[in-house]
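K.L.:
Below is coords.txt; it holds compact mmCIF, C-alpha atoms.
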```
# COMPACT_ATOMS: atom_id res chain seq x y z
CA MET A 1 72.88 69.52 22.92
CA THR A 2 72.92 71.53 26.13
CA ALA A 3 76.22 73.13 27.09
CA ARG A 4 77.53 72.05 30.44
CA LEU A 5 78.12 74.71 33.02
CA PRO A 6 81.73 74.90 34.23
CA ARG A 7 82.28 73.18 37.56
CA PRO A 8 82.94 75.58 40.42
CA ALA A 9 86.63 76.02 41.19
CA ARG A 10 87.78 73.96 44.12
CA LEU A 11 90.79 74.72 46.25
CA ARG A 12 92.76 72.08 48.03
CA PRO A 13 93.46 72.59 51.76
CA VAL A 14 97.11 73.31 50.90
CA ASP A 15 96.03 76.08 48.53
CA LEU A 16 93.74 77.58 51.18
CA LEU A 17 96.63 77.53 53.64
CA ARG A 18 98.86 79.35 51.17
CA LEU A 19 96.17 81.95 50.59
CA GLY A 20 95.78 82.33 54.37
CA LEU A 21 99.52 83.00 54.69
CA LEU A 22 99.38 85.64 51.95
CA GLY A 23 98.20 88.43 54.30
CA PRO A 24 100.75 87.83 57.10
CA ARG A 25 103.58 87.55 54.55
CA THR A 26 102.73 90.79 52.75
CA ARG A 27 101.77 92.82 55.83
CA ARG A 28 104.37 91.58 58.29
CA LEU A 29 104.55 94.49 60.72
CA ARG A 30 100.78 94.89 61.09
CA SER A 31 100.31 91.14 61.48
CA ALA A 32 103.12 90.90 64.05
CA LEU A 33 101.63 93.72 66.13
CA SER A 34 98.21 92.06 66.02
CA ALA A 35 99.64 88.72 67.12
CA LEU A 36 101.61 90.51 69.86
CA GLY A 37 98.42 91.30 71.77
CA ILE A 38 97.48 87.62 71.83
CA ALA A 39 101.06 86.64 72.72
CA LEU A 40 101.15 88.99 75.72
CA GLY A 41 97.83 87.65 77.02
CA ILE A 42 98.92 84.00 76.73
CA ALA A 43 102.36 84.80 78.18
CA ALA A 44 100.68 86.45 81.18
CA VAL A 45 98.45 83.42 81.73
CA VAL A 46 101.30 80.89 81.52
CA ALA A 47 103.74 83.02 83.54
CA VAL A 48 101.31 83.79 86.36
CA THR A 49 100.06 80.23 86.72
CA GLY A 50 103.59 78.85 86.39
CA ILE A 51 105.13 81.19 88.98
CA SER A 52 102.25 80.51 91.36
CA ALA A 53 102.62 76.74 90.85
CA SER A 54 106.39 76.96 91.35
CA ASN A 55 105.92 78.93 94.56
CA GLN A 56 103.42 76.40 95.86
CA ALA A 57 105.72 73.53 94.90
CA HIS A 58 108.48 75.22 96.89
CA LEU A 59 106.20 75.69 99.90
CA LEU A 60 104.96 72.11 99.75
CA ASP A 61 108.53 70.87 99.49
CA ARG A 62 109.46 72.90 102.57
CA LEU A 63 106.38 71.57 104.37
CA ASP A 64 107.32 68.01 103.50
CA ARG A 65 110.83 68.51 104.85
CA LEU A 66 109.86 70.51 107.92
CA GLY A 67 106.78 68.41 108.61
CA SER A 68 103.23 69.65 108.97
CA ASN A 69 102.79 67.90 112.33
CA LEU A 70 104.20 70.72 114.46
CA ILE A 71 102.00 72.37 117.10
CA ALA A 72 102.96 75.52 119.00
CA VAL A 73 101.51 76.18 122.47
CA SER A 74 102.02 79.64 123.97
CA PRO A 75 100.53 81.89 126.68
CA GLY A 76 97.16 83.43 125.85
CA GLU A 77 95.78 86.76 127.04
CA ASP A 78 93.31 87.54 129.77
CA PHE A 79 90.45 90.04 129.54
CA GLU A 80 92.85 92.93 130.20
CA GLY A 81 95.14 91.91 127.37
CA LYS A 82 97.89 90.63 129.66
CA LYS A 83 99.63 87.38 128.91
CA VAL A 84 98.93 84.48 131.23
CA PRO A 85 102.17 82.49 131.72
CA LEU A 86 102.17 78.77 131.19
CA PRO A 87 102.92 76.62 134.26
CA LYS A 88 106.50 75.41 134.69
CA GLU A 89 105.26 71.83 134.34
CA SER A 90 103.49 72.47 131.00
CA VAL A 91 106.36 71.09 128.90
CA THR A 92 106.40 67.81 130.83
CA MET A 93 102.60 67.51 130.82
CA LEU A 94 102.38 68.15 127.09
CA GLY A 95 105.13 65.61 126.46
CA ASN A 96 103.03 62.98 128.25
CA ILE A 97 100.24 63.13 125.64
CA ALA A 98 100.38 59.76 123.88
CA PRO A 99 100.59 60.92 120.21
CA VAL A 100 103.33 63.49 121.03
CA GLU A 101 106.62 62.27 119.57
CA GLY A 102 108.82 65.14 120.73
CA VAL A 103 108.58 68.34 122.75
CA SER A 104 110.82 71.36 123.35
CA ALA A 105 110.44 74.98 124.39
CA THR A 106 111.88 78.48 124.43
CA GLY A 107 111.72 81.03 127.25
CA ASP A 108 111.79 84.82 127.43
CA THR A 109 114.59 86.86 128.97
CA LYS A 110 114.90 90.51 130.02
CA ALA A 111 117.97 91.03 127.84
CA ASN A 112 118.55 92.70 124.47
CA VAL A 113 121.31 92.07 121.96
CA TYR A 114 123.49 94.69 120.25
CA ARG A 115 126.40 94.67 117.81
CA ASN A 116 128.55 96.41 120.41
CA GLU A 117 128.27 98.24 123.72
CA PHE A 118 128.05 101.67 122.04
CA VAL A 119 124.68 101.05 120.37
CA PRO A 120 121.85 102.95 122.16
CA SER A 121 119.78 100.67 124.37
CA ASN A 122 116.53 101.47 122.52
CA GLN A 123 117.89 100.27 119.17
CA THR A 124 117.10 96.61 119.60
CA ASN A 125 116.37 95.82 115.93
CA SER A 126 113.26 93.98 117.21
CA LEU A 127 115.46 91.01 118.13
CA ARG A 128 114.62 88.79 121.09
CA VAL A 129 117.00 86.95 123.36
CA LEU A 130 115.42 83.59 124.19
CA SER A 131 116.50 80.61 126.23
CA ALA A 132 116.46 77.37 124.27
CA ARG A 133 116.40 73.74 125.26
CA LEU A 134 118.99 71.49 123.71
CA ASP A 135 116.36 69.54 121.77
CA LEU A 136 114.75 72.66 120.24
CA LEU A 137 116.48 72.27 116.89
CA LYS A 138 115.23 68.70 116.58
CA ALA A 139 111.67 69.69 117.47
CA VAL A 140 111.42 72.49 114.89
CA ARG A 141 113.65 70.62 112.41
CA GLY A 142 115.99 73.55 112.15
CA GLU A 143 119.34 73.40 110.40
CA VAL A 144 122.65 75.05 111.28
CA ARG A 145 124.05 77.05 108.40
CA THR A 146 127.47 77.51 109.93
CA GLY A 147 129.01 76.72 113.31
CA ARG A 148 127.18 74.40 115.69
CA TRP A 149 124.21 74.12 118.04
CA LEU A 150 124.16 74.32 121.83
CA ASP A 151 125.17 71.26 123.85
CA ARG A 152 125.55 70.38 127.53
CA ALA A 153 128.96 72.02 127.68
CA THR A 154 128.04 75.31 125.99
CA GLU A 155 124.55 75.87 127.43
CA ARG A 156 126.15 77.26 130.62
CA LEU A 157 128.65 79.48 128.80
CA PRO A 158 128.21 83.05 127.45
CA VAL A 159 127.58 81.91 123.87
CA VAL A 160 124.64 82.37 121.50
CA VAL A 161 123.19 80.83 118.36
CA LEU A 162 121.72 83.38 115.94
CA GLY A 163 118.64 82.96 113.78
CA SER A 164 119.12 83.78 110.11
CA SER A 165 117.44 87.22 110.28
CA SER A 166 119.11 88.20 113.56
CA ALA A 167 122.52 87.39 112.06
CA GLU A 168 121.78 89.66 109.09
CA ARG A 169 120.58 92.54 111.28
CA LEU A 170 123.61 92.27 113.54
CA GLY A 171 125.98 92.00 110.59
CA VAL A 172 127.35 88.65 111.75
CA THR A 173 128.44 86.26 109.02
CA ALA A 174 130.49 83.61 110.81
CA PRO A 175 130.92 81.98 114.23
CA GLY A 176 133.55 83.39 116.53
CA THR A 177 132.18 86.94 116.33
CA LYS A 178 131.04 88.52 119.58
CA VAL A 179 127.79 90.38 120.31
CA TRP A 180 126.89 92.56 123.27
CA ILE A 181 123.98 91.44 125.47
CA ALA A 182 122.60 93.78 128.14
CA GLY A 183 119.33 94.91 129.66
CA GLU A 184 117.70 96.67 132.55
CA GLY A 185 119.18 95.23 135.74
CA ILE A 186 121.51 92.99 133.68
CA THR A 187 125.25 93.49 133.55
CA GLY A 188 126.33 93.94 129.94
CA GLU A 189 128.58 91.19 128.65
CA TRP A 190 130.13 89.96 125.43
CA TYR A 191 128.74 86.68 124.09
CA GLY A 192 130.47 84.59 121.47
CA VAL A 193 128.51 83.45 118.41
CA LEU A 194 128.50 79.67 118.42
CA GLY A 195 126.45 79.16 115.24
CA ILE A 196 124.02 80.65 112.72
CA LEU A 197 120.80 78.89 111.70
CA GLU A 198 119.23 78.44 108.30
CA PRO A 199 115.85 80.22 107.73
CA ASN A 200 112.93 78.23 109.14
CA GLU A 201 109.69 78.94 107.26
CA LEU A 202 107.61 76.86 109.63
CA VAL A 203 108.82 78.70 112.76
CA PRO A 204 109.81 82.19 111.54
CA GLU A 205 110.03 83.58 115.09
CA ILE A 206 113.24 81.58 115.51
CA ASP A 207 114.80 83.55 112.64
CA ASP A 208 114.45 86.82 114.60
CA SER A 209 115.83 85.38 117.83
CA VAL A 210 119.14 85.08 119.62
CA LEU A 211 119.21 81.77 121.46
CA VAL A 212 121.13 81.03 124.65
CA GLY A 213 121.23 77.99 126.90
CA GLY A 214 118.57 77.71 129.60
CA PRO A 215 120.97 77.77 132.58
CA THR A 216 122.77 80.82 131.16
CA ALA A 217 119.49 82.66 130.60
CA ILE A 218 118.32 82.07 134.18
CA ALA A 219 121.67 82.81 135.83
CA ARG A 220 122.78 85.84 133.80
CA LEU A 221 119.85 87.26 131.81
CA ASP A 222 116.94 87.18 134.29
CA GLY A 223 115.27 84.52 132.14
CA ASP A 224 111.77 83.25 132.87
CA ARG A 225 111.48 79.79 134.35
CA THR A 226 108.20 79.31 132.49
CA PRO A 227 108.15 78.56 128.76
CA SER A 228 107.20 81.25 126.28
CA THR A 229 106.44 78.74 123.49
CA VAL A 230 106.24 74.96 123.59
CA TYR A 231 106.75 73.07 120.33
CA LEU A 232 105.19 69.64 119.91
CA ARG A 233 105.98 67.06 117.24
CA VAL A 234 102.86 64.92 116.90
CA HIS A 235 102.00 61.74 115.06
CA PRO A 236 100.80 62.98 111.63
CA ASP A 237 97.44 61.22 111.94
CA ARG A 238 96.70 62.60 115.42
CA VAL A 239 97.42 66.33 115.00
CA SER A 240 93.79 67.41 115.41
CA ASP A 241 93.34 65.22 118.49
CA VAL A 242 96.35 66.78 120.20
CA GLN A 243 95.22 70.29 119.25
CA ASP A 244 91.91 69.62 121.00
CA VAL A 245 93.52 68.69 124.34
CA ALA A 246 96.72 70.77 124.28
CA ALA A 247 95.27 73.83 126.02
CA ALA A 248 93.69 71.86 128.88
CA THR A 249 96.88 69.82 129.29
CA ALA A 250 99.24 72.80 129.31
CA ASN A 251 97.20 74.84 131.82
CA PRO A 252 94.41 72.75 133.40
CA ALA A 253 93.36 75.65 135.64
CA GLN A 254 92.92 78.14 132.78
CA PRO A 255 92.68 76.32 129.43
CA GLY A 256 90.99 79.32 127.87
CA MET A 257 94.17 81.36 128.45
CA VAL A 258 96.33 79.15 126.24
CA ALA A 259 97.01 79.76 122.54
CA VAL A 260 97.39 76.64 120.39
CA SER A 261 98.40 77.00 116.74
CA ARG A 262 99.67 74.90 113.88
CA PRO A 263 102.33 76.89 111.99
CA SER A 264 101.89 74.88 108.79
CA ASP A 265 98.34 76.25 108.50
CA LEU A 266 99.87 79.70 107.96
CA LEU A 267 101.81 78.41 104.98
CA LYS A 268 98.67 76.84 103.54
CA ALA A 269 96.83 80.14 104.00
CA ARG A 270 99.67 81.83 102.16
CA ALA A 271 99.28 79.37 99.29
CA GLU A 272 95.54 80.12 99.18
CA THR A 273 96.33 83.83 99.05
CA ASP A 274 98.58 83.16 96.07
CA ASP A 275 95.65 81.41 94.39
CA THR A 276 93.47 84.49 94.93
CA LEU A 277 96.12 86.79 93.45
CA THR A 278 96.54 84.36 90.56
CA GLY A 279 92.84 84.66 89.81
CA LEU A 280 93.15 88.45 89.76
CA VAL A 281 96.07 88.40 87.35
CA LEU A 282 94.33 85.82 85.17
CA SER A 283 91.47 88.30 84.85
CA LEU A 284 93.96 90.91 83.64
CA ALA A 285 95.37 88.34 81.21
CA GLY A 286 91.83 87.80 79.92
CA VAL A 287 91.61 91.53 79.22
CA ALA A 288 94.92 91.29 77.34
CA LEU A 289 93.48 88.44 75.26
CA LEU A 290 90.38 90.51 74.53
CA VAL A 291 92.53 93.44 73.41
CA GLY A 292 94.56 91.06 71.24
CA GLY A 293 91.38 89.69 69.68
CA VAL A 294 90.17 93.20 68.91
CA GLY A 295 93.56 93.92 67.35
CA ILE A 296 93.27 90.88 65.09
CA ALA A 297 89.69 91.83 64.13
CA ASN A 298 90.81 95.37 63.34
CA THR A 299 93.70 94.12 61.22
CA MET A 300 91.44 91.76 59.33
CA VAL A 301 88.76 94.42 58.67
CA VAL A 302 91.40 96.85 57.39
CA GLY A 303 92.89 94.02 55.34
CA VAL A 304 89.51 93.38 53.72
CA MET A 305 89.17 97.06 52.82
CA GLU A 306 92.68 97.24 51.38
CA ARG A 307 92.32 94.02 49.42
CA ARG A 308 88.93 94.69 47.79
CA GLY A 309 90.52 94.60 44.34
CA GLU A 310 92.04 91.20 45.07
CA VAL A 311 88.72 89.89 46.39
CA GLY A 312 86.83 91.25 43.38
CA LEU A 313 89.30 89.74 40.91
CA ARG A 314 89.16 86.33 42.58
CA ARG A 315 85.36 86.43 42.66
CA ALA A 316 85.34 87.36 38.92
CA LEU A 317 87.63 84.40 38.20
CA GLY A 318 85.21 82.01 39.87
CA ALA A 319 86.21 81.92 43.53
CA ARG A 320 83.25 81.06 45.70
CA ARG A 321 82.11 82.97 48.76
CA GLY A 322 83.14 80.09 51.03
CA GLN A 323 86.66 80.14 49.64
CA ILE A 324 87.00 83.87 50.20
CA ALA A 325 85.66 83.54 53.75
CA ALA A 326 87.97 80.57 54.44
CA GLN A 327 91.00 82.58 53.24
CA PHE A 328 90.43 85.43 55.67
CA LEU A 329 89.35 83.13 58.49
CA ILE A 330 92.49 81.02 58.11
CA GLU A 331 94.57 84.18 58.20
CA ALA A 332 92.99 85.22 61.50
CA VAL A 333 93.41 81.73 62.97
CA LEU A 334 97.07 81.66 61.96
CA LEU A 335 97.64 85.02 63.65
CA GLY A 336 96.02 83.67 66.82
CA LEU A 337 98.00 80.42 66.67
CA PHE A 338 101.29 82.23 66.12
CA GLY A 339 100.58 84.63 68.96
CA GLY A 340 99.55 81.73 71.22
CA LEU A 341 102.70 79.71 70.57
CA VAL A 342 104.97 82.72 71.05
CA GLY A 343 103.09 83.68 74.22
CA ALA A 344 103.34 80.17 75.66
CA ALA A 345 107.08 80.11 74.98
CA LEU A 346 107.58 83.56 76.55
CA GLY A 347 105.49 82.59 79.59
CA ALA A 348 107.41 79.33 80.12
CA ALA A 349 110.76 81.12 79.75
CA THR A 350 109.64 83.69 82.32
CA VAL A 351 108.66 80.95 84.78
CA TYR A 352 111.99 79.11 84.44
CA ALA A 353 114.01 82.33 84.76
CA TYR A 354 112.08 83.53 87.81
CA ALA A 355 112.15 80.12 89.52
CA ALA A 356 115.89 79.81 88.91
CA GLY A 357 116.43 83.24 90.45
CA GLN A 358 114.38 82.29 93.52
CA GLY A 359 115.82 78.80 93.85
CA TRP A 360 112.40 77.20 93.37
CA PRO A 361 111.55 74.09 91.37
CA ALA A 362 110.19 75.39 88.06
CA THR A 363 106.64 74.21 87.38
CA VAL A 364 104.73 75.08 84.22
CA PRO A 365 101.17 73.68 84.36
CA LEU A 366 100.77 71.50 81.26
CA VAL A 367 97.09 72.35 81.00
CA TRP A 368 97.87 76.06 80.52
CA ALA A 369 100.87 75.44 78.24
CA VAL A 370 98.56 73.47 75.92
CA ALA A 371 95.38 75.45 76.51
CA GLY A 372 97.12 78.79 75.90
CA PRO A 373 97.62 78.36 72.13
CA ALA A 374 94.22 76.66 71.89
CA VAL A 375 92.57 79.69 73.51
CA ALA A 376 94.51 81.95 71.16
CA VAL A 377 93.18 80.00 68.14
CA VAL A 378 89.62 80.40 69.47
CA VAL A 379 90.17 84.14 69.95
CA GLY A 380 91.61 84.43 66.44
CA THR A 381 88.67 82.48 65.00
CA VAL A 382 86.08 84.65 66.73
CA ALA A 383 87.95 87.82 65.78
CA GLY A 384 88.18 86.76 62.13
CA LEU A 385 84.56 85.70 61.62
CA TYR A 386 83.13 89.13 60.84
CA PRO A 387 85.92 90.25 58.46
CA ALA A 388 85.77 86.88 56.68
CA LEU A 389 82.00 87.09 56.21
CA ARG A 390 82.31 90.69 55.06
CA ALA A 391 84.90 89.74 52.43
CA ALA A 392 82.75 86.83 51.27
CA GLY A 393 79.74 89.11 50.90
CA MET A 394 81.42 91.43 48.40
CA SER A 395 80.16 91.30 44.81
CA PRO A 396 82.84 91.11 42.08
CA THR A 397 81.74 94.31 40.34
CA GLY A 398 81.36 96.29 43.57
CA ALA A 399 84.76 95.15 44.85
CA LEU A 400 86.52 96.00 41.55
CA ARG A 401 84.74 99.36 41.27
CA SER A 402 85.76 100.49 44.76
CA ALA A 403 89.33 99.13 44.52
```
Since I need it in another form, could you write the structure as structure tokens?
P.N.:
Amino acid sequence: MTARLPRPARLRPVDLLRLGLLGPRTRRLRSALSALGIALGIAAVVAVTGISASNQAHLLDRLDRLGSNLIAVSPGEDFEGKKVPLPKESVTMLGNIAPVEGVSATGDTKANVYRNEFVPSNQTNSLRVLSARLDLLKAVRGEVRTGRWLDRATERLPVVVLGSSSAERLGVTAPGTKVWIAGEGITGEWYGVLGILEPNELVPEIDDSVLVGGPTAIARLDGDRTPSTVYLRVHPDRVSDVQDVAAATANPAQPGMVAVSRPSDLLKARAETDDTLTGLVLSLAGVALLVGGVGIANTMVVGVMERRGEVGLRRALGARRGQIAAQFLIEAVLLGLFGGLVGAALGAATVYAYAAGQGWPATVPLVWAVAGPAVAVVVGTVAGLYPALRAAGMSPTGALRSA
């Protein structure tokens, strides 16, 4: 009667998992440092994409509230680089375009603003004193932070409304403060601060301006009677049509000397720039993942060398090559998975903390939060293939002899 050969030892999946956890449990510091490389790479990916998405969500929210249907028409330049003023009638003519729902304008003055009369005249802080129509705030959808806006009673008085940046540069925090306005050929005079505006991302030039009523600007500050910038609120579906005819409407005699822009396009360009920078940082995160994968591979190779006695003993007791390879491969995958989960958590925490500090809506792209650990598992798998195959290729006698 022929003796039956013993059946090869079989390990249940639970047993393989326990064997895979043996290395990380016994070599905790080395395993943690290996997983750290993966964690940093995944954290960089999640944090960068999350912060970029949060920034874009903030910009889109501002665009939705400010409206992307604003068009700005301003004087262009001739061949000598000199500005060609818009006609006095340009505001009325632009307002007559059918899709235009609202129109307003600002005008230049020859005055400068100072905190007091003792400030040297050349220290203007790059602030402009502009005349403003009463409907300007409605056209640009600006908001008053404190105080109030100009009205028919105050537009003829020596009062000003400060943009957010101009208020900061002048050190003004509340209405009722006075600022000194003077200029060449203009008698210096104190002007009371009527209000301070909130920042306006769509029309940032308003933030750096000091706004006075049109009649006051003309009577006291040598203000221009022609507009420096005309703001048009257009039907959202007809923005391109109005852009095409705005120059010829504003200055029929010289349409080529008129600048027409859509401020919201600048914000979109800024969002696209963020995308470009995100791509750059994602490349750096990829390098971090590669370094983490090399770290895992190095740890696994060293682990194989240190555990040759264990491998030889298990092979002598009947463990198959596939079981040995699965043990080391599972260990590498677990390191990658652990690093991926920790990295995703760190990245998400970074996004929420940064967004809270900036006052943005926190947005963590779900695809990256899920794909991050998955990528880490793939990196761990690839990094563990060679050490696992090397361990499986050891002969029992050779492993025990060199242990």
K.L.:
Using only C-alpha atoms, which residues sit within 9 Å of Thr173 of chain A once same-chain residues fewer than 5 positions away are excluded, as an mmCIF file with C-alpha atoms, in the coordinates of the input?
P.N.:
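Wrote it out as part.cif, contents follow:
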```cif
data_model
loop_
_atom_site.group_PDB
_atom_site.id
_atom_site.type_symbol
_atom_site.label_atom_id
_atom_site.label_comp_id
_atom_site.auth_asym_id
_atom_site.auth_seq_id
_atom_site.Cartn_x
_atom_site.Cartn_y
_atom_site.Cartn_z
ATOM 1 C CA THR A 146 127.470 77.510 109.930
ATOM 2 C CA ALA A 167 122.520 87.390 112.060
ATOM 3 C CA GLU A 168 121.780 89.660 109.090
ATOM 4 C CA ILE A 196 124.020 80.650 112.720
#
```
K.L.:
I want to know what sits within 6 Å of segment 219-230 of chain A, based on only C-alpha atoms, with residues of the same chain fewer than 2 positions away left out; could you give that as a ChimeraX atom specification?
P.N.:
/A:72-74,88,104-111,216-217
K.L.:
Can you tell me, as a PyMOL selection string, which residues sit within 12 Å of (121.5, 80.3, 118.9) in the file's frame, using only C-alpha atoms?
P.N.:
chain A and resi 106+128-134+136-137+142-151+154-155+158-167+175+179+191-198+206-214
K.L.:
To test the calculation: enclose all listed atoms of segment 382-391 of chain A in a box whose edges run along x, y and z, add 3 Å on each side, then state centre and edge lengths in Å to one decimal, as lines of an AutoDock Vina configuration file.
P.N.:
```
center_x = 85.1
center_y = 87.7
center_z = 59.6
size_x = 12.2
size_y = 12.0
size_z = 20.3
```
K.L.:
Take the point (111.4, 67.4, 113.6) in the file's coordinates, draw a sphere of radius 8 Å around it, and report as an MDAnalysis selection string every protein, DNA or RNA residue with an atom inside or on it, counting all atoms listed in the file.
P.N.:
chainID A and resid 66:67 70 102 137:142 233
K.L.:
Would you compute the distance between atom CA of Leu29 of chain A and atom CA of Gly384 of chain A? Give it in Å to one decimal.
P.N.:
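Atom CA of Leu29 of chain A sits 18.2 Å away from atom CA of Gly384 of chain A.
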K.L.:
Using only C-alpha atoms, which of the listed residues (A:Ser395, A:Val45, A:Asp61, A:Val100) sits closest to Asp241 of chain A?
P.N.:
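Nearest candidate to Asp241 of chain A out of A:Ser395, A:Val45, A:Asp61, A:Val100: A:Val100.
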K.L.:
Which residue, A:Arg27, A:Arg390, A:Arg262, A:Lys178, has the smallest gap to Ala246 of chain A when you use all atoms listed in the file?
P.N.:
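Going through A:Arg27, A:Arg390, A:Arg262, A:Lys178 one by one, the smallest distance to Ala246 of chain A is for A:Arg262.
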K.L.:
Tell me which of A:Ala35, A:Leu157, A:Leu170, A:Ala53 sits closest to Ala355 of chain A, counting only C-alpha atoms.
P.N.:
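When distances to Ala355 of chain A are compared using only C-alpha atoms, the smallest one comes from A:Ala53.
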K.L.:
Counting all atoms listed in the file, figure out which residue out of A:Val342, A:Thr381, A:Ser34, A:Met257 gets nearest to Gly76 of chain A.
P.N.:
A:Met257
K.L.:
Could you tell me how far atom CA of Val91 of chain A lies from atom CA of Asn200 of chain A, in Å and to one decimal?
P.N.:
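Taking atom CA of Val91 of chain A as the start and atom CA of Asn200 of chain A as the end point, the length is 22.0 Å.
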K.L.:
Taking into account all atoms listed in the file, which residue in the set A:Gly393, A:Val260, A:Pro373, A:Thr177 is nearest to Ile38 of chain A?
P.N.:
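Of A:Gly393, A:Val260, A:Pro373, A:Thr177, the one nearest Ile38 of chain A is A:Pro373, counting all atoms listed in the file.
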K.L.:
Please indicate the distance in Å from atom CA of Thr49 of chain A to atom CA of Leu335 of chain A, rounded to one decimal place.
P.N.:
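Atom CA of Leu335 of chain A lies 23.7 Å from atom CA of Thr49 of chain A.
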K.L.:
Using all atoms listed in the file, find the one residue out of A:Val379, A:Tyr386, A:Ala250, A:Ala391 that sits nearest to Gln323 of chain A.
P.N.:
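With all atoms listed in the file as the atom set, the closest residue is A:Ala391.
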K.L.:
Could you name the residues that touch Asn55 of chain A at 10 Å or less, counting all atoms listed in the file, but leaving out those on the same chain fewer than 3 positions away, as a list in words?
P.N.:
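Counting all atoms listed in the file, the residues come to Thr49, Gly50, Ile51, Ser52, His58, Leu59, Leu60, Asp61, Ala271, Asp274, Ala355, Gln358, Gly359, Trp360, Pro361, Ala362 and Thr363 of chain A.
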K.L.:
With C-alpha atoms retained, could you export that selection as a compact mmCIF listing (two decimals), in the coordinates of the input?
P.N.:
```txt
# COMPACT_ATOMS: atom_id res chain seq x y z
CA THR A 49 100.06 80.23 86.72
CA GLY A 50 103.59 78.85 86.39
CA ILE A 51 105.13 81.19 88.98
CA SER A 52 102.25 80.51 91.36
CA HIS A 58 108.48 75.22 96.89
CA LEU A 59 106.20 75.69 99.90
CA LEU A 60 104.96 72.11 99.75
CA ASP A 61 108.53 70.87 99.49
CA ALA A 271 99.28 79.37 99.29
CA ASP A 274 98.58 83.16 96.07
CA ALA A 355 112.15 80.12 89.52
CA GLN A 358 114.38 82.29 93.52
CA GLY A 359 115.82 78.80 93.85
CA TRP A 360 112.40 77.20 93.37
CA PRO A 361 111.55 74.09 91.37
CA ALA A 362 110.19 75.39 88.06
CA THR A 363 106.64 74.21 87.38
```
K.L.:
Atoms are missing here; could segment 363-376 of chain A be completed with N, CA and C atoms and written as a PDB file, in the coordinates of the input?
P.N.:
```
ATOM      1  N   THR A 363     107.831  74.997  87.703  1.00  0.00           N
ATOM      2  CA  THR A 363     106.640  74.210  87.380  1.00  0.00           C
ATOM      3  C   THR A 363     105.770  74.996  86.406  1.00  0.00           C
ATOM      4  N   VAL A 364     105.627  74.466  85.199  1.00  0.00           N
ATOM      5  CA  VAL A 364     104.730  75.080  84.220  1.00  0.00           C
ATOM      6  C   VAL A 364     103.547  74.141  84.036  1.00  0.00           C
ATOM      7  N   PRO A 365     102.343  74.554  84.493  1.00  0.00           N
ATOM      8  CA  PRO A 365     101.170  73.680  84.360  1.00  0.00           C
ATOM      9  C   PRO A 365     100.927  73.293  82.908  1.00  0.00           C
ATOM     10  N   LEU A 366     100.934  71.985  82.633  1.00  0.00           N
ATOM     11  CA  LEU A 366     100.770  71.500  81.260  1.00  0.00           C
ATOM     12  C   LEU A 366      99.444  71.937  80.660  1.00  0.00           C
ATOM     13  N   VAL A 367      98.417  72.007  81.519  1.00  0.00           N
ATOM     14  CA  VAL A 367      97.090  72.350  81.000  1.00  0.00           C
ATOM     15  C   VAL A 367      97.101  73.758  80.402  1.00  0.00           C
ATOM     16  N   TRP A 368      97.839  74.692  81.043  1.00  0.00           N
ATOM     17  CA  TRP A 368      97.870  76.060  80.520  1.00  0.00           C
ATOM     18  C   TRP A 368      98.833  76.172  79.342  1.00  0.00           C
ATOM     19  N   ALA A 369      99.929  75.399  79.361  1.00  0.00           N
ATOM     20  CA  ALA A 369     100.870  75.440  78.240  1.00  0.00           C
ATOM     21  C   ALA A 369     100.203  74.954  76.956  1.00  0.00           C
ATOM     22  N   VAL A 370      99.279  73.984  77.096  1.00  0.00           N
ATOM     23  CA  VAL A 370      98.560  73.470  75.920  1.00  0.00           C
ATOM     24  C   VAL A 370      97.331  74.317  75.627  1.00  0.00           C
ATOM     25  N   ALA A 371      96.621  74.695  76.707  1.00  0.00           N
ATOM     26  CA  ALA A 371      95.380  75.450  76.510  1.00  0.00           C
ATOM     27  C   ALA A 371      95.642  76.864  76.011  1.00  0.00           C
ATOM     28  N   GLY A 372      96.828  77.423  76.326  1.00  0.00           N
ATOM     29  CA  GLY A 372      97.120  78.790  75.900  1.00  0.00           C
ATOM     30  C   GLY A 372      97.014  78.980  74.405  1.00  0.00           C
ATOM     31  N   PRO A 373      97.775  78.228  73.598  1.00  0.00           N
ATOM     32  CA  PRO A 373      97.620  78.360  72.130  1.00  0.00           C
ATOM     33  C   PRO A 373      96.222  78.007  71.647  1.00  0.00           C
ATOM     34  N   ALA A 374      95.578  77.029  72.307  1.00  0.00           N
ATOM     35  CA  ALA A 374      94.220  76.660  71.890  1.00  0.00           C
ATOM     36  C   ALA A 374      93.264  77.838  72.099  1.00  0.00           C
ATOM     37  N   VAL A 375      93.394  78.507  73.244  1.00  0.00           N
ATOM     38  CA  VAL A 375      92.570  79.690  73.510  1.00  0.00           C
ATOM     39  C   VAL A 375      92.860  80.774  72.480  1.00  0.00           C
ATOM     40  N   ALA A 376      94.136  80.925  72.134  1.00  0.00           N
ATOM     41  CA  ALA A 376      94.510  81.950  71.160  1.00  0.00           C
ATOM     42  C   ALA A 376      93.875  81.656  69.793  1.00  0.00           C
TER      43      ALA A 376
END
```
